[in-house]
Amino acid sequence: MNITRRDALLGVSGALGGAAVLLAEKDATASPVQDPLVHLWQKRSQLMSEADRLADEASAIERTLPGWARNFAGIVIEVPGCQPKTCRTDKAVAEALGFRGMPVRYLVEKNGQAEWRRKEKLYRDGRVADLERVRQRFDHERERAGYTAKNAECDAMMDRALEIEGQIVDTQAVTMEGLLVQALFSAELEQENEPKFLTTRLGKSMGIAARRMAPGLAQAERLAGGMPS
């Protein structure tokens, strides 16, 4: 039977789950030099947990907002002969107004096209100003309620977690625990269908580390990084 890298990683993900709990509970100060990846995994777990908490708090605040402040509705532009257009950006306003055909009378009048374009610009500028007022009201209400700040905290926490993930990918494992961290992370990336270049890079790193720690595992590098997904 042909076993792919994805099969190998996902097939052991259940067993690795128990090990993940042990790694998360281990003292973060235990041999940080010997186990750098364990320390990174613990830090990532803490950041992700904090991000989840902040996301829950932001969602709780959002639920208290009036309906118009939960989802940005934008403005509606009536277009002759077409369905009304809901616009949430300046670009959408311009596109909606593009459906407004030039009346015949402007085509036959002297300077008619120029006059039509002038009036259309005034109308477009007015609708863009309307949209901006709606957006400011929307933003102000979310800021007043504390949602914007809480959401920004969550985003910042996630950014820090992503930085740690980059370090997990690029750090060479020096112990079996470190190799386990990378195996856990690789299985997680596979399950979430993350970009292949990440899992490929991580898999090669795991293979090199495994062969260094256990030279007899001649197939380790192939299993971790060289097999087709």
# chains A, B, ... in the order shown; residues from 1 in each chain; ligands from 1
>>> select_by_dssp(residues="region 9-223 of chain A", states="alpha helix (DSSP H)", output="PyMOL selection string")
chain A and resi 9-11+13-25+36-63+90-97+104-108+112-145+147-170+176-191+196-213+220-221
>>> residues_around(residues="Tyr106 (chain A)", least_positions_apart="6", cutoff="9 Å", atoms="only C-alpha atoms", output="PyMOL selection string")
chain A and resi 112-116
>>> residues_around(residues="Ala129 (chain A)", least_positions_apart="5", cutoff="12 Å", atoms="only C-alpha atoms", output="list in words")
Gly74, Ile75, Thr89, Asp90, Val93, Leu122, Tyr123, Arg124, Val134, Arg135 and Gln136 of chain A
>>> residues_around(residues="region 152-164 of chain A", least_positions_apart="2", cutoff="9 Å", atoms="only C-alpha atoms", output="list in words")
Leu40, Trp41, Lys43, Arg44, Ser45, Gln46, Leu47, Met48, Glu50, Ala51, Asp52, Arg53, Leu54, Ala55, Ala58, Tyr147, Thr148, Ala149, Lys150, Gly166, Gln167, Ile168 and Val169 of chain A
>>> write_last_selection(atoms="N, CA and C atoms", output="PDB file, in the first residue's frame")
ATOM      1  N   LEU A  40       8.737  27.069  22.503  1.00  0.00           N
ATOM      2  CA  LEU A  40       7.970  27.778  21.482  1.00  0.00           C
ATOM      3  C   LEU A  40       6.536  27.259  21.421  1.00  0.00           C
ATOM      4  N   TRP A  41       6.379  25.946  21.545  1.00  0.00           N
ATOM      5  CA  TRP A  41       5.034  25.351  21.495  1.00  0.00           C
ATOM      6  C   TRP A  41       4.181  25.831  22.661  1.00  0.00           C
ATOM      7  N   LYS A  43       4.605  28.625  24.311  1.00  0.00           N
ATOM      8  CA  LYS A  43       4.320  30.043  24.102  1.00  0.00           C
ATOM      9  C   LYS A  43       3.189  30.209  23.101  1.00  0.00           C
ATOM     10  N   ARG A  44       3.219  29.443  22.019  1.00  0.00           N
ATOM     11  CA  ARG A  44       2.151  29.509  21.018  1.00  0.00           C
ATOM     12  C   ARG A  44       0.813  29.112  21.644  1.00  0.00           C
ATOM     13  N   SER A  45       0.803  28.058  22.445  1.00  0.00           N
ATOM     14  CA  SER A  45      -0.430  27.605  23.084  1.00  0.00           C
ATOM     15  C   SER A  45      -1.017  28.700  23.971  1.00  0.00           C
ATOM     16  N   GLN A  46      -0.140  29.386  24.708  1.00  0.00           N
ATOM     17  CA  GLN A  46      -0.592  30.469  25.577  1.00  0.00           C
ATOM     18  C   GLN A  46      -1.197  31.616  24.759  1.00  0.00           C
ATOM     19  N   LEU A  47      -0.510  31.968  23.659  1.00  0.00           N
ATOM     20  CA  LEU A  47      -0.988  33.069  22.820  1.00  0.00           C
ATOM     21  C   LEU A  47      -2.323  32.724  22.153  1.00  0.00           C
ATOM     22  N   MET A  48      -2.451  31.487  21.678  1.00  0.00           N
ATOM     23  CA  MET A  48      -3.686  31.078  21.030  1.00  0.00           C
ATOM     24  C   MET A  48      -4.847  31.060  22.028  1.00  0.00           C
ATOM     25  N   GLU A  50      -5.065  32.925  24.700  1.00  0.00           N
ATOM     26  CA  GLU A  50      -5.392  34.319  24.996  1.00  0.00           C
ATOM     27  C   GLU A  50      -6.174  34.939  23.839  1.00  0.00           C
ATOM     28  N   ALA A  51      -5.794  34.607  22.608  1.00  0.00           N
ATOM     29  CA  ALA A  51      -6.513  35.123  21.440  1.00  0.00           C
ATOM     30  C   ALA A  51      -7.958  34.627  21.436  1.00  0.00           C
ATOM     31  N   ASP A  52      -8.158  33.361  21.803  1.00  0.00           N
ATOM     32  CA  ASP A  52      -9.520  32.815  21.869  1.00  0.00           C
ATOM     33  C   ASP A  52     -10.354  33.563  22.904  1.00  0.00           C
ATOM     34  N   ARG A  53      -9.734  33.846  24.056  1.00  0.00           N
ATOM     35  CA  ARG A  53     -10.446  34.575  25.108  1.00  0.00           C
ATOM     36  C   ARG A  53     -10.841  35.965  24.627  1.00  0.00           C
ATOM     37  N   LEU A  54      -9.906  36.659  23.972  1.00  0.00           N
ATOM     38  CA  LEU A  54     -10.193  38.001  23.486  1.00  0.00           C
ATOM     39  C   LEU A  54     -11.258  37.978  22.388  1.00  0.00           C
ATOM     40  N   ALA A  55     -11.217  36.957  21.539  1.00  0.00           N
ATOM     41  CA  ALA A  55     -12.230  36.834  20.484  1.00  0.00           C
ATOM     42  C   ALA A  55     -13.614  36.623  21.086  1.00  0.00           C
ATOM     43  N   ALA A  58     -14.757  39.944  22.429  1.00  0.00           N
ATOM     44  CA  ALA A  58     -15.159  40.838  21.342  1.00  0.00           C
ATOM     45  C   ALA A  58     -16.530  40.438  20.808  1.00  0.00           C
ATOM     46  N   TYR A 147     -15.573  47.386  21.210  1.00  0.00           N
ATOM     47  CA  TYR A 147     -15.347  46.247  20.315  1.00  0.00           C
ATOM     48  C   TYR A 147     -14.063  46.414  19.499  1.00  0.00           C
ATOM     49  N   THR A 148     -13.831  47.592  18.965  1.00  0.00           N
ATOM     50  CA  THR A 148     -12.672  47.821  18.097  1.00  0.00           C
ATOM     51  C   THR A 148     -11.364  47.541  18.823  1.00  0.00           C
ATOM     52  N   ALA A 149     -11.252  48.054  20.049  1.00  0.00           N
ATOM     53  CA  ALA A 149     -10.022  47.846  20.809  1.00  0.00           C
ATOM     54  C   ALA A 149      -9.830  46.378  21.156  1.00  0.00           C
ATOM     55  N   LYS A 150     -10.913  45.716  21.546  1.00  0.00           N
ATOM     56  CA  LYS A 150     -10.820  44.299  21.921  1.00  0.00           C
ATOM     57  C   LYS A 150     -10.436  43.450  20.704  1.00  0.00           C
ATOM     58  N   GLY A 166       6.217  30.648  12.790  1.00  0.00           N
ATOM     59  CA  GLY A 166       7.342  30.757  11.862  1.00  0.00           C
ATOM     60  C   GLY A 166       8.629  30.250  12.487  1.00  0.00           C
ATOM     61  N   GLN A 167       8.810  30.530  13.773  1.00  0.00           N
ATOM     62  CA  GLN A 167      10.001  30.044  14.471  1.00  0.00           C
ATOM     63  C   GLN A 167       9.974  28.530  14.622  1.00  0.00           C
ATOM     64  N   ILE A 168       8.776  27.962  14.866  1.00  0.00           N
ATOM     65  CA  ILE A 168       8.656  26.505  14.978  1.00  0.00           C
ATOM     66  C   ILE A 168       9.051  25.842  13.665  1.00  0.00           C
ATOM     67  N   VAL A 169       8.656  26.443  12.553  1.00  0.00           N
ATOM     68  CA  VAL A 169       9.004  25.896  11.244  1.00  0.00           C
ATOM     69  C   VAL A 169      10.509  25.974  10.999  1.00  0.00           C
TER      70      VAL A 169
END
>>> residues_around(residues="Gly67 (chain A)", least_positions_apart="6", cutoff="12 Å", atoms="only C-alpha atoms", output="list in words")
Ala73, Phe138, Glu141 and Arg142 of chain A
>>> atom_distance(atom1="CA of Glu95 (chain A)", atom2="CA of Val76 (chain A)")
12.5 Å
>>> residues_around(residues="Thr199 (chain A)", least_positions_apart="3", cutoff="7 Å", atoms="only C-alpha atoms", output="CSV table (one decimal) with C-alpha atoms, in the first residue's frame")
chain,number,residue,atom,x,y,z
A,186,SER,CA,2.8,19.5,10.9
A,189,LEU,CA,-1.2,22.3,9.3
A,196,LYS,CA,1.8,23.4,1.2
A,202,LEU,CA,8.6,21.8,8.1
A,203,GLY,CA,8.7,18.2,6.9
>>> atom_distance(atom1="CA of Gly98 (chain A)", atom2="CA of Trp68 (chain A)")
27.1 Å
>>> select_by_dssp(residues="region 56-176 of chain A", states="strand (DSSP E)", output="PyMOL selection string")
chain A and resi 75-77+85-87
>>> write_last_selection(atoms="C-alpha atoms", output="mmCIF file, in the first residue's frame")
data_model
loop_
_atom_site.group_PDB
_atom_site.id
_atom_site.type_symbol
_atom_site.label_atom_id
_atom_site.label_comp_id
_atom_site.auth_asym_id
_atom_site.auth_seq_id
_atom_site.Cartn_x
_atom_site.Cartn_y
_atom_site.Cartn_z
ATOM 1 C CA ILE A 75 -25.850 52.708 1.335
ATOM 2 C CA VAL A 76 -28.376 51.817 -1.366
ATOM 3 C CA ILE A 77 -28.267 53.503 -4.755
ATOM 4 C CA LYS A 85 -27.354 48.499 -5.629
ATOM 5 C CA THR A 86 -26.034 48.075 -2.089
ATOM 6 C CA CYS A 87 -22.665 49.806 -1.843
#
>>> closest_residue(among="A:Val79, A:Arg212, A:Leu131, A:Met206", to="Lys91 (chain A)", atoms="only C-alpha atoms")
A:Leu131
>>> atom_distance(atom1="CA of Ala145 (chain A)", atom2="CA of Asp130 (chain A)")
23.1 Å
>>> residues_around(residues="Ala209 (chain A)", least_positions_apart="6", cutoff="8 Å", atoms="only C-alpha atoms", output="JSON list (two decimals) with N, CA and C atoms, in the first residue's frame")
[["chain", "number", "residue", "atom", "x", "y", "z"],
["A", 172, "GLN", "N", 15.56, 24.11, 14.12],
["A", 172, "GLN", "CA", 15.94, 22.69, 14.03],
["A", 172, "GLN", "C", 15.73, 22.00, 15.38],
["A", 173, "ALA", "N", 15.04, 20.87, 15.36],
["A", 173, "ALA", "CA", 14.83, 20.10, 16.59],
["A", 173, "ALA", "C", 16.16, 19.52, 17.06],
["A", 174, "VAL", "N", 16.40, 19.57, 18.38],
["A", 174, "VAL", "CA", 17.63, 19.00, 18.94],
["A", 174, "VAL", "C", 17.32, 17.86, 19.91],
["A", 179, "LEU", "N", 11.25, 17.36, 18.20],
["A", 179, "LEU", "CA", 10.75, 16.71, 16.99],
["A", 179, "LEU", "C", 9.25, 16.44, 17.10]]
>>> closest_residue(among="A:Leu37, A:Ala96, A:Val104, A:Ile208", to="Val128 (chain A)", atoms="only C-alpha atoms")
A:Ala96
>>> closest_residue(among="A:Arg88, A:Arg127, A:Arg117, A:Arg201", to="Gln182 (chain A)", atoms="only C-alpha atoms")
A:Arg201
